[in-house]
$ cat structure-v4.cif   # mmCIF, C-alpha atoms and all ligand atoms
data_input
loop_
_atom_site.group_PDB
_atom_site.id
_atom_site.type_symbol
_atom_site.label_atom_id
_atom_site.label_comp_id
_atom_site.auth_asym_id
_atom_site.auth_seq_id
_atom_site.Cartn_x
_atom_site.Cartn_y
_atom_site.Cartn_z
ATOM 1 C CA MET A 132 10.024 -2.436 -0.334
ATOM 2 C CA THR A 133 12.628 -0.946 1.942
ATOM 3 C CA ALA A 134 14.859 -3.403 3.745
ATOM 4 C CA PRO A 135 13.831 -3.844 7.385
ATOM 5 C CA THR A 136 17.222 -2.593 8.512
ATOM 6 C CA THR A 137 16.639 0.839 6.982
ATOM 7 C CA ALA A 138 14.480 2.365 9.717
ATOM 8 C CA ALA A 139 16.954 1.297 12.366
ATOM 9 C CA ALA A 140 19.840 2.566 10.242
ATOM 10 C CA VAL A 141 18.381 6.075 10.220
ATOM 11 C CA GLY A 142 17.627 6.019 13.934
ATOM 12 C CA LEU A 143 13.840 5.904 13.679
ATOM 13 C CA ALA A 144 13.385 3.036 16.085
ATOM 14 C CA ALA A 145 15.761 4.614 18.580
ATOM 15 C CA SER A 146 14.220 8.088 18.545
ATOM 16 C CA ALA A 147 10.573 7.040 18.458
ATOM 17 C CA PRO A 148 9.083 5.526 21.599
ATOM 18 C CA THR A 149 7.009 2.385 21.119
ATOM 19 C CA ALA A 150 3.882 3.933 22.628
ATOM 20 C CA GLY A 151 2.302 7.382 22.749
ATOM 21 C CA PRO A 152 1.206 9.823 20.091
ATOM 22 C CA VAL A 153 3.502 11.124 17.348
ATOM 23 C CA ILE A 154 1.933 14.561 17.843
ATOM 24 C CA ASP A 155 0.753 15.860 21.202
ATOM 25 C CA LEU A 156 -0.214 19.508 21.175
ATOM 26 C CA ARG A 157 -1.782 21.055 24.266
ATOM 27 C CA ASP A 158 -3.389 24.474 24.590
ATOM 28 C CA ALA A 159 -1.225 25.663 21.716
ATOM 29 C CA ARG A 160 -1.156 29.408 21.175
ATOM 30 C CA LYS A 161 0.678 31.409 18.574
ATOM 31 C CA THR A 162 0.746 35.189 18.534
ATOM 32 C CA TYR A 163 2.317 37.037 15.614
ATOM 33 C CA ARG A 164 3.621 40.529 16.230
ATOM 34 C CA THR A 165 3.796 43.014 13.366
ATOM 35 C CA GLY A 166 5.015 46.364 14.660
ATOM 36 C CA ASP A 167 2.631 47.282 17.479
ATOM 37 C CA LEU A 168 -0.038 44.885 16.284
ATOM 38 C CA GLU A 169 -0.552 41.421 17.713
ATOM 39 C CA PHE A 170 -2.529 38.674 16.066
ATOM 40 C CA GLU A 171 -3.425 35.426 17.774
ATOM 41 C CA ALA A 172 -3.301 32.872 14.954
ATOM 42 C CA LEU A 173 -3.685 29.844 17.265
ATOM 43 C CA ARG A 174 -5.876 30.375 20.302
ATOM 44 C CA GLY A 175 -5.668 27.175 22.326
ATOM 45 C CA VAL A 176 -5.389 24.117 20.121
ATOM 46 C CA ASP A 177 -5.370 20.575 21.505
ATOM 47 C CA LEU A 178 -4.428 17.883 19.028
ATOM 48 C CA ARG A 179 -3.151 14.357 19.441
ATOM 49 C CA ILE A 180 -2.233 12.211 16.465
ATOM 50 C CA GLU A 181 -1.265 8.584 16.906
ATOM 51 C CA ARG A 182 1.321 6.685 14.913
ATOM 52 C CA GLY A 183 -0.094 5.493 11.585
ATOM 53 C CA GLU A 184 -2.989 7.968 11.420
ATOM 54 C CA TYR A 185 -3.887 9.784 8.193
ATOM 55 C CA VAL A 186 -5.297 13.197 9.108
ATOM 56 C CA ALA A 187 -6.504 16.118 6.985
ATOM 57 C CA ILE A 188 -6.542 19.636 8.421
ATOM 58 C CA VAL A 189 -9.099 21.832 6.705
ATOM 59 C CA GLY A 190 -10.401 25.368 7.172
ATOM 60 C CA PRO A 191 -10.839 28.673 5.354
ATOM 61 C CA SER A 192 -7.985 30.925 4.285
ATOM 62 C CA GLY A 193 -6.407 32.650 7.272
ATOM 63 C CA SER A 194 -7.808 30.178 9.819
ATOM 64 C CA GLY A 195 -4.353 29.113 11.030
ATOM 65 C CA LYS A 196 -3.653 25.902 9.114
ATOM 66 C CA SER A 197 -0.156 26.796 7.914
ATOM 67 C CA THR A 198 0.662 28.271 11.311
ATOM 68 C CA LEU A 199 -0.330 24.954 12.850
ATOM 69 C CA MET A 200 1.662 23.023 10.245
ATOM 70 C CA ASN A 201 4.760 25.154 10.853
ATOM 71 C CA VAL A 202 4.515 24.388 14.560
ATOM 72 C CA LEU A 203 3.986 20.659 13.954
ATOM 73 C CA GLY A 204 6.991 20.660 11.594
ATOM 74 C CA CYS A 205 9.213 22.441 14.153
ATOM 75 C CA LEU A 206 9.645 25.279 11.656
ATOM 76 C CA ASP A 207 8.148 27.716 14.165
ATOM 77 C CA THR A 208 7.616 27.711 17.926
ATOM 78 C CA LEU A 209 4.557 28.300 20.089
ATOM 79 C CA THR A 210 3.955 31.448 22.096
ATOM 80 C CA ALA A 211 2.310 29.327 24.813
ATOM 81 C CA GLY A 212 1.258 25.721 25.366
ATOM 82 C CA THR A 213 3.241 22.547 24.766
ATOM 83 C CA TYR A 214 4.191 20.471 21.778
ATOM 84 C CA ARG A 215 5.653 16.988 22.076
ATOM 85 C CA ILE A 216 6.787 15.206 18.946
ATOM 86 C CA ALA A 217 7.292 11.441 19.337
ATOM 87 C CA GLY A 218 7.331 12.031 23.095
ATOM 88 C CA ASP A 219 9.917 14.828 23.138
ATOM 89 C CA ASP A 220 8.987 18.348 24.265
ATOM 90 C CA VAL A 221 10.228 20.825 21.636
ATOM 91 C CA ASP A 222 10.677 23.441 24.381
ATOM 92 C CA ASP A 223 13.619 21.404 25.656
ATOM 93 C CA MET A 224 15.339 21.439 22.248
ATOM 94 C CA ASP A 225 17.902 23.888 20.891
ATOM 95 C CA GLU A 226 18.235 24.799 17.193
ATOM 96 C CA THR A 227 20.490 21.812 16.495
ATOM 97 C CA ASP A 228 18.012 19.397 18.101
ATOM 98 C CA LEU A 229 15.155 20.965 16.139
ATOM 99 C CA ALA A 230 17.098 20.688 12.886
ATOM 100 C CA SER A 231 17.714 17.007 13.488
ATOM 101 C CA VAL A 232 14.043 16.399 14.384
ATOM 102 C CA ARG A 233 13.051 18.114 11.119
ATOM 103 C CA ASN A 234 15.541 16.045 9.200
ATOM 104 C CA GLU A 235 15.016 12.661 10.842
ATOM 105 C CA GLN A 236 11.420 12.578 12.075
ATOM 106 C CA ILE A 237 9.581 14.613 9.449
ATOM 107 C CA GLY A 238 9.152 14.496 5.694
ATOM 108 C CA PHE A 239 7.799 17.744 4.245
ATOM 109 C CA VAL A 240 5.736 18.215 1.093
ATOM 110 C CA PHE A 241 4.837 21.787 0.103
ATOM 111 C CA GLN A 242 2.442 23.299 -2.405
ATOM 112 C CA GLN A 243 5.353 24.846 -4.348
ATOM 113 C CA PHE A 244 7.353 21.569 -4.393
ATOM 114 C CA ASN A 245 10.468 23.386 -3.019
ATOM 115 C CA LEU A 246 12.943 21.363 -5.076
ATOM 116 C CA LEU A 247 16.397 22.747 -5.805
ATOM 117 C CA PRO A 248 16.289 23.707 -9.510
ATOM 118 C CA SER A 249 19.944 23.031 -10.301
ATOM 119 C CA LEU A 250 19.939 19.479 -8.955
ATOM 120 C CA SER A 251 18.664 16.337 -10.653
ATOM 121 C CA ALA A 252 15.656 14.503 -9.241
ATOM 122 C CA LEU A 253 18.028 11.940 -7.742
ATOM 123 C CA ARG A 254 20.169 14.602 -6.020
ATOM 124 C CA ASN A 255 17.073 16.360 -4.675
ATOM 125 C CA VAL A 256 15.807 13.126 -3.156
ATOM 126 C CA GLU A 257 19.237 12.351 -1.698
ATOM 127 C CA LEU A 258 19.409 15.627 0.233
ATOM 128 C CA PRO A 259 17.812 14.544 3.549
ATOM 129 C CA LEU A 260 20.313 11.679 3.642
ATOM 130 C CA VAL A 261 23.240 14.000 2.851
ATOM 131 C CA TYR A 262 22.360 16.098 5.922
ATOM 132 C CA ARG A 263 22.210 12.882 7.908
ATOM 133 C CA GLY A 264 25.667 11.783 6.842
ATOM 134 C CA VAL A 265 24.579 8.639 4.957
ATOM 135 C CA ALA A 266 27.397 7.394 2.684
ATOM 136 C CA PRO A 267 27.063 8.344 -1.018
ATOM 137 C CA VAL A 268 26.593 4.840 -2.402
ATOM 138 C CA GLU A 269 23.828 4.004 0.072
ATOM 139 C CA ARG A 270 22.038 7.320 -0.246
ATOM 140 C CA ARG A 271 22.083 7.151 -4.045
ATOM 141 C CA ALA A 272 20.593 3.658 -3.933
ATOM 142 C CA ARG A 273 17.901 4.726 -1.486
ATOM 143 C CA ALA A 274 17.058 7.852 -3.508
ATOM 144 C CA ALA A 275 16.768 5.758 -6.678
ATOM 145 C CA GLN A 276 14.508 3.327 -4.831
ATOM 146 C CA ALA A 277 12.302 6.181 -3.536
ATOM 147 C CA LEU A 278 11.970 7.587 -7.059
ATOM 148 C CA GLU A 279 11.076 4.114 -8.266
ATOM 149 C CA ARG A 280 8.339 3.967 -5.632
ATOM 150 C CA VAL A 281 6.754 7.193 -6.927
ATOM 151 C CA GLY A 282 6.913 5.946 -10.511
ATOM 152 C CA LEU A 283 9.849 8.104 -11.633
ATOM 153 C CA GLY A 284 12.566 5.502 -11.957
ATOM 154 C CA ASP A 285 13.177 6.693 -15.523
ATOM 155 C CA ARG A 286 13.486 10.393 -14.628
ATOM 156 C CA THR A 287 16.262 10.352 -12.025
ATOM 157 C CA ALA A 288 18.613 12.521 -14.123
ATOM 158 C CA ASN A 289 16.020 15.214 -14.938
ATOM 159 C CA ARG A 290 16.196 18.551 -13.190
ATOM 160 C CA PRO A 291 12.888 19.951 -11.797
ATOM 161 C CA GLY A 292 12.511 22.275 -14.820
ATOM 162 C CA GLN A 293 12.549 19.200 -17.043
ATOM 163 C CA LEU A 294 9.608 17.614 -15.212
ATOM 164 C CA SER A 295 5.875 18.348 -15.144
ATOM 165 C CA GLY A 296 4.316 19.825 -12.008
ATOM 166 C CA GLY A 297 2.858 16.468 -11.033
ATOM 167 C CA GLN A 298 6.208 14.761 -11.549
ATOM 168 C CA GLN A 299 7.945 17.453 -9.482
ATOM 169 C CA GLN A 300 5.513 16.845 -6.643
ATOM 170 C CA ARG A 301 6.202 13.117 -6.858
ATOM 171 C CA VAL A 302 9.921 13.897 -6.555
ATOM 172 C CA ALA A 303 9.050 15.955 -3.462
ATOM 173 C CA VAL A 304 7.104 12.991 -2.053
ATOM 174 C CA ALA A 305 10.094 10.723 -2.751
ATOM 175 C CA ARG A 306 12.314 13.221 -0.891
ATOM 176 C CA ALA A 307 9.841 13.259 2.009
ATOM 177 C CA LEU A 308 9.814 9.491 2.354
ATOM 178 C CA VAL A 309 13.449 8.596 1.586
ATOM 179 C CA GLY A 310 14.491 8.995 5.217
ATOM 180 C CA GLU A 311 11.628 6.840 6.546
ATOM 181 C CA PRO A 312 10.322 9.683 8.752
ATOM 182 C CA ALA A 313 7.859 9.113 11.608
ATOM 183 C CA LEU A 314 5.648 11.827 10.168
ATOM 184 C CA VAL A 315 4.841 13.150 6.689
ATOM 185 C CA LEU A 316 3.573 16.752 6.759
ATOM 186 C CA ALA A 317 2.035 18.136 3.591
ATOM 187 C CA ASP A 318 0.737 21.724 3.180
ATOM 188 C CA GLU A 319 -1.630 21.895 0.181
ATOM 189 C CA PRO A 320 0.345 19.199 -1.668
ATOM 190 C CA THR A 321 -2.183 19.106 -4.497
ATOM 191 C CA GLY A 322 -2.804 22.866 -4.636
ATOM 192 C CA ASN A 323 -0.840 23.315 -7.875
ATOM 193 C CA LEU A 324 -1.738 20.036 -9.538
ATOM 194 C CA ASP A 325 -4.276 18.992 -12.149
ATOM 195 C CA SER A 326 -6.757 16.241 -11.334
ATOM 196 C CA ARG A 327 -4.613 13.441 -12.807
ATOM 197 C CA SER A 328 -1.515 14.431 -10.815
ATOM 198 C CA THR A 329 -3.645 15.014 -7.714
ATOM 199 C CA ALA A 330 -4.867 11.423 -8.035
ATOM 200 C CA ASP A 331 -1.261 10.177 -8.382
ATOM 201 C CA VAL A 332 -0.114 12.030 -5.264
ATOM 202 C CA LEU A 333 -3.136 10.885 -3.244
ATOM 203 C CA ASP A 334 -2.476 7.293 -4.324
ATOM 204 C CA LEU A 335 1.064 7.691 -2.994
ATOM 205 C CA PHE A 336 -0.265 8.943 0.345
ATOM 206 C CA ASP A 337 -2.618 5.937 0.455
ATOM 207 C CA ALA A 338 0.370 3.644 -0.067
ATOM 208 C CA LEU A 339 2.373 5.437 2.633
ATOM 209 C CA HIS A 340 -0.580 5.120 5.007
ATOM 210 C CA ALA A 341 -0.915 1.424 4.183
ATOM 211 C CA HIS A 342 2.743 1.041 5.156
ATOM 212 C CA GLY A 343 2.133 2.584 8.555
ATOM 213 C CA ARG A 344 3.361 6.150 7.954
ATOM 214 C CA THR A 345 1.706 8.960 9.895
ATOM 215 C CA ILE A 346 0.383 11.566 7.470
ATOM 216 C CA VAL A 347 -0.937 15.054 8.201
ATOM 217 C CA LEU A 348 -2.067 17.077 5.240
ATOM 218 C CA ILE A 349 -3.576 20.503 4.888
ATOM 219 C CA THR A 350 -6.047 21.046 2.121
ATOM 220 C CA HIS A 351 -8.748 23.375 0.850
ATOM 221 C CA GLU A 352 -10.229 20.598 -1.238
ATOM 222 C CA HIS A 353 -13.077 18.494 0.113
ATOM 223 C CA GLU A 354 -12.245 15.517 -2.138
ATOM 224 C CA VAL A 355 -8.643 15.526 -0.903
ATOM 225 C CA ALA A 356 -9.719 15.668 2.755
ATOM 226 C CA GLU A 357 -12.088 12.762 2.175
ATOM 227 C CA ARG A 358 -9.151 10.567 1.176
ATOM 228 C CA SER A 359 -7.811 10.810 4.747
ATOM 229 C CA ARG A 360 -9.263 8.908 7.706
ATOM 230 C CA ARG A 361 -9.775 11.830 10.082
ATOM 231 C CA VAL A 362 -10.693 15.433 9.345
ATOM 232 C CA VAL A 363 -9.759 18.251 11.730
ATOM 233 C CA ARG A 364 -11.473 21.582 11.031
ATOM 234 C CA VAL A 365 -9.780 24.820 12.016
ATOM 235 C CA LEU A 366 -11.546 28.173 12.240
ATOM 236 C CA ASP A 367 -10.095 31.420 13.605
ATOM 237 C CA GLY A 368 -7.232 29.642 15.335
ATOM 238 C CA LEU A 369 -9.368 26.979 17.035
ATOM 239 C CA ILE A 370 -10.315 23.395 16.224
ATOM 240 C CA THR A 371 -14.055 23.385 15.637
ATOM 241 C CA SER A 372 -14.497 19.729 14.748
ATOM 242 C CA ASP A 373 -12.451 16.541 14.696
ATOM 243 C CA ALA A 374 -14.148 13.491 13.207
ATOM 244 C CA PRO A 375 -13.575 10.407 11.071
ATOM 245 C CA SER A 376 -13.698 11.170 7.340
ATOM 246 C CA GLY A 377 -16.450 9.722 5.163
ATOM 247 C CA ARG A 378 -13.928 7.156 3.969
ATOM 248 C CA ALA A 379 -13.084 6.031 7.495
ATOM 249 C CA VAL A 380 -16.727 5.417 8.378
ATOM 250 C CA ALA A 381 -17.669 3.852 5.047
ATOM 251 C CA PRO A 382 -18.507 0.126 5.276
HETATM 252 N N1 LIG B 401 4.363 35.871 9.922
HETATM 253 C C1 LIG B 401 3.159 36.378 10.199
HETATM 254 N N2 LIG B 401 3.027 37.590 10.778
HETATM 255 C C2 LIG B 401 1.818 38.096 11.073
HETATM 256 N N3 LIG B 401 0.656 37.481 10.837
HETATM 257 C C3 LIG B 401 0.704 36.268 10.260
HETATM 258 C C4 LIG B 401 1.961 35.647 9.902
HETATM 259 N N4 LIG B 401 1.707 34.440 9.349
HETATM 260 C C5 LIG B 401 0.366 34.310 9.341
HETATM 261 N N5 LIG B 401 -0.239 35.401 9.888
HETATM 262 C C6 LIG B 401 -1.675 35.578 10.083
HETATM 263 O O1 LIG B 401 -2.160 34.474 10.839
HETATM 264 C C7 LIG B 401 -3.418 34.029 10.332
HETATM 265 C C8 LIG B 401 -3.311 32.546 9.967
HETATM 266 O O2 LIG B 401 -2.438 32.415 8.847
HETATM 267 P P1 LIG B 401 -2.147 31.004 8.182
HETATM 268 O O3 LIG B 401 -1.084 31.203 7.160
HETATM 269 O O4 LIG B 401 -1.888 30.026 9.258
HETATM 270 O O5 LIG B 401 -3.550 30.689 7.499
HETATM 271 P P2 LIG B 401 -4.002 29.451 6.581
HETATM 272 O O6 LIG B 401 -5.150 28.825 7.278
HETATM 273 O O7 LIG B 401 -2.841 28.616 6.263
HETATM 274 O O8 LIG B 401 -4.522 30.193 5.276
HETATM 275 P P3 LIG B 401 -4.445 29.757 3.710
HETATM 276 O O9 LIG B 401 -5.535 28.745 3.535
HETATM 277 O O10 LIG B 401 -4.752 31.033 2.994
HETATM 278 O O11 LIG B 401 -3.078 29.234 3.440
HETATM 279 C C9 LIG B 401 -3.736 34.926 9.143
HETATM 280 O O12 LIG B 401 -4.654 35.921 9.580
HETATM 281 C C10 LIG B 401 -2.416 35.559 8.771
HETATM 282 O O13 LIG B 401 -2.584 36.851 8.251
HETATM 283 MG MG MG B 402 -1.787 28.180 4.458
#

$ encode --input "structure-v4.cif" --output "structure tokens" --more "lines below"
Ligand SMILES: Nc1ncnc2c1ncn2[C@@H]1O[C@H](COP(=O)(O)OP(=O)(O)OP(=O)(O)O)[C@@H](O)[C@H]1O
Ligand SMILES: [Mg+2]
Amino acid sequence: MTAPTTAAAVGLAASAPTAGPVIDLRDARKTYRTGDLEFEALRGVDLRIERGEYVAIVGPSGSGKSTLMNVLGCLDTLTAGTYRIAGDDVDDMDETDLASVRNEQIGFVFQQFNLLPSLSALRNVELPLVYRGVAPVERRARAAQALERVGLGDRTANRPGQLSGGQQQRVAVARALVGEPALVLADEPTGNLDSRSTADVLDLFDALHAHGRTIVLITHEHEVAERSRRVVRVLDGLITSDAPSGRAVAP
């Protein structure tokens, strides 16, 4: 496991208040404009997620899941409403602040893996620490440790093209967790994986959850959503239900 000093070293303890939700979204609205046309993709969403929760966001295609995820990940801003991440209102942040929130507070996992093809697995996993200015020796050690944790300790030198899809997604998970972020955000992380690799990635999320990480994942797949503890349903830009998953209520 990671040394206890690591979270403090990356500023997690300092930037995250001891109490209060990691995610606090109130009356969130997002309008896209395409030429003269406007489309309201989020129409008043309230969502609070506490530290250590494991939440699945589900809903049909076009319902607003990725829009919501982009807002939660500070990749896009709201048209109206408020979003506080770890207590800080994103409206008060400039681009530099937002970039450091993305880098320090959030680990992203995408359906398409989004690894840099010319870099080895180790270099890909190191990247969040490079942006953070962690010294090379330390960041290499931490990247190697993260790859070890996802079962790829023997593939550190491989480039993404030399790995299977499931292995690439495990590299992406290692990259998401190497910086000990407050929040792991995953948009269809198993969308391109076979059932064996899906199981591997979901086992990793279970382990992250067991270690107190906050996880929010978007999925189309019922079985994937049922691995979380809380399922939020989105339809036409609104939350239509928010309830414990079958797993959370199981004896
Ligand atoms: N950049 C954009 N400009 C205009 N409209 C957009 C834009 N991005 C998304 N939309 C629209 O907003 C709605 C919600 O899109 P979003 O990508 O959030 O859906 P989703 O729930 O993630 O769907 P899927 O399951 O297919 O990924 C859709 O009707 C989409 O066409
Ligand atoms: Mg989507």

$ residues_around --input "structure-v4.cif" --residues "range 335-348 of chain A" --least-positions-apart "6" --cutoff "8 Å" --atoms "only C-alpha atoms" --output "PyMOL selection string"
chain A and resi 153+181-188+281+312-320

$ axis_aligned_box --input "structure-v4.cif" --around "ligand LIG 401 (chain B)" --padding-each-side "4 Å" --output "AutoDock Vina command-line options"
--center_x -0.6 --center_y 33.4 --center_z 7.0 --size_x 17.9 --size_y 17.5 --size_z 16.1

$ resolve_selection --input "structure-v4.cif" --expression "the PyMOL selection byres (((not hetatm)) within 9 of (chain B and resi 401))" --output "VMD selection string"
chain A and resid 161 to 165 168 to 173 189 to 201 318 to 319 349 to 351 365 to 368

$ residues_around --input "structure-v4.cif" --residues "Gly151 in chain A" --least-positions-apart "5" --cutoff "10 Å" --atoms "all atoms listed in the file" --output "PyMOL selection string"
chain A and resi 179-182+216-218

$ closest_residue --input "structure-v4.cif" --among "A:Gln243, A:Gly166, A:Val221, A:Ala252" --to "ligand MG 402 (chain B)" --atoms "all atoms listed in the file"
A:Gln243

$ residues_around --input "structure-v4.cif" --residues "range 282-294 of chain A" --least-positions-apart "2" --cutoff "7 Å" --atoms "all atoms listed in the file" --output "list in words"
Leu246, Pro248, Ser249, Leu250, Ser251, Ala252, Leu253, Ala275, Leu278, Glu279, Arg280, Gly296, Gln298 and Gln299 of chain A

$ closest_residue --input "structure-v4.cif" --among "A:Tyr262, A:Val176, A:Gly297, A:Leu308" --to "Val363 in chain A" --atoms "only C-alpha atoms"
A:Val176

$ closest_residue --input "structure-v4.cif" --among "A:Arg174, A:Asp207, A:Asp220, A:Thr213" --to "Arg157 in chain A" --atoms "only C-alpha atoms"
A:Thr213
